[in-house]
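Structure, as structure tokens:
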Amino acid sequence: LQRQRPQFEFSRILDLPAARLALIAGKPEQARAILEARLPDLASGTEPVDARNVMPALDLAAAWGRTGHDASARKLLDRIAKFAAGPSVPRLPLYEFMRARMYALAGAPELALQALDRAYDAGFRTTWAVDLSPQPLLYIDPVSMDPCLESLHREPRLARWFARIAADNAR
């Protein structure tokens with residue numbers, strides 16, 4: 001995607017998936033640079049976190065956290081938490097999953113696992129390409145590689161959560 005990004009200089013449609021894949025590949029500096037350039041108002045704090053930008057906001061928080069910008073990551077996570085607790089958050093399984101990502105990044109694994117269970121109970125069964133419609137962000141990565149959930153990868157309950165989804169999807 002990085003090589004293809006210049007072909008979409010106007011729409012910048014490949015920026016967000018390229019940043020996500022950079023995080024997954026262990027290149028948080030590259031992800032941070034892409035996200036800050038693509039989302040300058042979100043990064044500066046002038047654009048509020050909302051249903052449209054919460055996914056890349058979480059990726060930006062992850063990139064900042066992995067590049068030593070801990071204070072910026074915490075401030076952004078606070079803004080994300082305000083959105084997640086507010087009245088405008090859509091009542092959809094995907095947004096419970098976004099809460100899980102937020103809690104995992106914030107160092108609250110128990111809350112993250114509870115949010116994953118709520119997402120599952122609400123019908124979340126996606127294992128690839130978690131995305132938002134009608135304006136897709138072109139996230140093409142597997143949920144199991146989600147950079148925000150990295151702190152939970154050794155957690156047996158996360159493995160069981162994925163197993164339940166796999167079993168349901170197989171049925």
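Residue names in the structure tokens use chain letters A, B, ... in the order shown, residue numbers from 1 in each chain, and ligand numbers from 1 in the order shown.
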Applying 12 Å and only C-alpha atoms, which residues near Trp64 of chain A remain after dropping the ones on its own chain fewer than 2 positions away? List them as a compact mmCIF listing (two decimals) with N, CA and C atoms, in the first residue's frame.
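The resulting selection.txt:
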# COMPACT_ATOMS: atom_id res chain seq x y z
N LEU A 23 1.50 -0.30 11.62
CA LEU A 23 1.46 -0.67 13.05
C LEU A 23 1.61 -2.18 13.22
N LYS A 27 6.08 -0.91 12.60
CA LYS A 27 6.64 0.37 12.15
C LYS A 27 5.77 1.53 12.64
N PRO A 28 5.75 1.73 13.96
CA PRO A 28 4.86 2.77 14.50
C PRO A 28 5.23 4.18 14.09
N GLU A 29 6.50 4.46 13.84
CA GLU A 29 6.90 5.81 13.39
C GLU A 29 6.27 6.11 12.03
N GLN A 30 6.30 5.13 11.15
CA GLN A 30 5.70 5.31 9.83
C GLN A 30 4.19 5.52 9.98
N ALA A 31 3.54 4.71 10.82
CA ALA A 31 2.10 4.86 11.05
C ALA A 31 1.79 6.23 11.62
N ARG A 32 2.56 6.66 12.58
CA ARG A 32 2.34 7.97 13.21
C ARG A 32 2.44 9.09 12.18
N ALA A 33 3.47 9.04 11.33
CA ALA A 33 3.65 10.08 10.32
C ALA A 33 2.46 10.11 9.35
N ILE A 34 2.01 8.96 8.92
CA ILE A 34 0.88 8.90 8.00
C ILE A 34 -0.38 9.45 8.67
N LEU A 35 -0.65 9.00 9.89
CA LEU A 35 -1.88 9.39 10.57
C LEU A 35 -1.89 10.88 10.93
N GLU A 36 -0.77 11.40 11.38
CA GLU A 36 -0.71 12.84 11.70
C GLU A 36 -0.92 13.69 10.46
N ALA A 43 -5.42 14.96 15.24
CA ALA A 43 -4.15 14.89 15.98
C ALA A 43 -3.94 16.12 16.85
N ALA A 57 -8.58 7.14 15.07
CA ALA A 57 -8.14 7.79 16.31
C ALA A 57 -7.48 6.77 17.23
N LEU A 58 -8.05 5.59 17.32
CA LEU A 58 -7.44 4.54 18.13
C LEU A 58 -6.10 4.12 17.56
N ASP A 59 -5.99 4.05 16.25
CA ASP A 59 -4.71 3.73 15.63
C ASP A 59 -3.67 4.81 15.92
N LEU A 60 -4.09 6.06 15.88
CA LEU A 60 -3.17 7.16 16.20
C LEU A 60 -2.71 7.07 17.65
N ALA A 61 -3.63 6.77 18.55
CA ALA A 61 -3.25 6.60 19.96
C ALA A 61 -2.24 5.46 20.10
N ALA A 62 -2.46 4.37 19.38
CA ALA A 62 -1.51 3.25 19.43
C ALA A 62 -0.14 3.68 18.88
N ARG A 66 3.41 3.89 21.01
CA ARG A 66 4.57 3.07 20.63
C ARG A 66 5.77 3.88 20.17
N THR A 67 5.59 5.19 20.09
CA THR A 67 6.71 6.04 19.66
C THR A 67 7.11 7.03 20.75
N GLY A 68 6.74 6.75 21.99
CA GLY A 68 7.16 7.59 23.10
C GLY A 68 6.35 8.84 23.31
N HIS A 69 5.24 9.00 22.63
CA HIS A 69 4.37 10.17 22.80
C HIS A 69 3.21 9.79 23.73
N ASP A 70 3.57 9.33 24.93
CA ASP A 70 2.58 8.79 25.87
C ASP A 70 1.55 9.82 26.30
N ALA A 71 1.96 11.05 26.54
CA ALA A 71 1.01 12.08 26.97
C ALA A 71 -0.03 12.35 25.88
N SER A 72 0.41 12.40 24.64
CA SER A 72 -0.52 12.61 23.53
C SER A 72 -1.47 11.42 23.40
N ALA A 73 -0.93 10.22 23.56
CA ALA A 73 -1.77 9.02 23.48
C ALA A 73 -2.83 9.04 24.57
N ARG A 74 -2.44 9.39 25.80
CA ARG A 74 -3.41 9.43 26.92
C ARG A 74 -4.50 10.48 26.68
N LYS A 75 -4.10 11.65 26.18
CA LYS A 75 -5.09 12.70 25.90
C LYS A 75 -6.08 12.24 24.84
N LEU A 76 -5.57 11.61 23.80
CA LEU A 76 -6.47 11.13 22.75
C LEU A 76 -7.37 10.01 23.27
N LEU A 77 -6.82 9.12 24.09
CA LEU A 77 -7.66 8.06 24.68
C LEU A 77 -8.75 8.66 25.57
N LEU A 105 -5.77 -0.45 24.86
CA LEU A 105 -4.71 0.57 24.72
C LEU A 105 -4.48 1.33 26.03
N CYS A 148 -4.29 -2.51 18.43
CA CYS A 148 -4.81 -2.03 19.71
C CYS A 148 -5.02 -3.16 20.70
What lies within 9 Å of Arg101 of chain A using only C-alpha atoms, ignoring chain neighbours under 3 positions off, as a PDB file with N, CA and C atoms, in the first residue's frame?
ATOM      1  N   LEU A  58      -8.052   5.594  17.321  1.00  0.00           N
ATOM      2  CA  LEU A  58      -7.442   4.540  18.134  1.00  0.00           C
ATOM      3  C   LEU A  58      -6.097   4.119  17.565  1.00  0.00           C
ATOM      4  N   GLU A  96     -18.931  -1.525  20.472  1.00  0.00           N
ATOM      5  CA  GLU A  96     -18.460  -2.249  21.662  1.00  0.00           C
ATOM      6  C   GLU A  96     -17.045  -2.751  21.404  1.00  0.00           C
ATOM      7  N   PHE A  97     -16.803  -3.199  20.181  1.00  0.00           N
ATOM      8  CA  PHE A  97     -15.451  -3.619  19.808  1.00  0.00           C
ATOM      9  C   PHE A  97     -14.488  -2.433  19.886  1.00  0.00           C
ATOM     10  N   MET A  98     -14.925  -1.240  19.469  1.00  0.00           N
ATOM     11  CA  MET A  98     -14.079  -0.041  19.579  1.00  0.00           C
ATOM     12  C   MET A  98     -13.759   0.251  21.048  1.00  0.00           C
ATOM     13  N   ALA A 104      -8.034  -1.738  25.901  1.00  0.00           N
ATOM     14  CA  ALA A 104      -6.770  -2.466  25.777  1.00  0.00           C
ATOM     15  C   ALA A 104      -5.601  -1.489  25.659  1.00  0.00           C
ATOM     16  N   LEU A 105      -5.771  -0.447  24.858  1.00  0.00           N
ATOM     17  CA  LEU A 105      -4.711   0.566  24.725  1.00  0.00           C
ATOM     18  C   LEU A 105      -4.482   1.326  26.026  1.00  0.00           C
ATOM     19  N   ALA A 106      -5.545   1.518  26.784  1.00  0.00           N
ATOM     20  CA  ALA A 106      -5.446   2.284  28.032  1.00  0.00           C
ATOM     21  C   ALA A 106      -4.894   1.445  29.181  1.00  0.00           C
ATOM     22  N   ALA A 112     -11.402  -4.331  28.702  1.00  0.00           N
ATOM     23  CA  ALA A 112     -11.325  -4.679  27.281  1.00  0.00           C
ATOM     24  C   ALA A 112     -11.997  -6.022  27.016  1.00  0.00           C
ATOM     25  N   ALA A 115     -15.726  -5.705  27.267  1.00  0.00           N
ATOM     26  CA  ALA A 115     -16.270  -5.053  26.068  1.00  0.00           C
ATOM     27  C   ALA A 115     -16.303  -6.031  24.890  1.00  0.00           C
ATOM     28  N   LEU A 116     -15.295  -6.888  24.772  1.00  0.00           N
ATOM     29  CA  LEU A 116     -15.323  -7.904  23.721  1.00  0.00           C
ATOM     30  C   LEU A 116     -16.506  -8.847  23.913  1.00  0.00           C
ATOM     31  N   ASP A 146      -5.037  -6.956  15.271  1.00  0.00           N
ATOM     32  CA  ASP A 146      -5.354  -5.568  15.611  1.00  0.00           C
ATOM     33  C   ASP A 146      -4.291  -5.013  16.554  1.00  0.00           C
ATOM     34  N   PRO A 147      -3.607  -3.936  16.151  1.00  0.00           N
ATOM     35  CA  PRO A 147      -2.540  -3.392  16.992  1.00  0.00           C
ATOM     36  C   PRO A 147      -3.029  -2.881  18.344  1.00  0.00           C
ATOM     37  N   CYS A 148      -4.286  -2.512  18.431  1.00  0.00           N
ATOM     38  CA  CYS A 148      -4.815  -2.028  19.710  1.00  0.00           C
ATOM     39  C   CYS A 148      -5.016  -3.161  20.705  1.00  0.00           C
ATOM     40  N   LEU A 149      -5.182  -4.371  20.225  1.00  0.00           N
ATOM     41  CA  LEU A 149      -5.412  -5.522  21.111  1.00  0.00           C
ATOM     42  C   LEU A 149      -4.124  -6.271  21.454  1.00  0.00           C
TER      43      LEU A 149
END
If you measure from atom CA of Pro48 of chain A to atom CA of Arg79 of chain A, what distance in Å do you get, rounded to one decimal? 7.6 Å
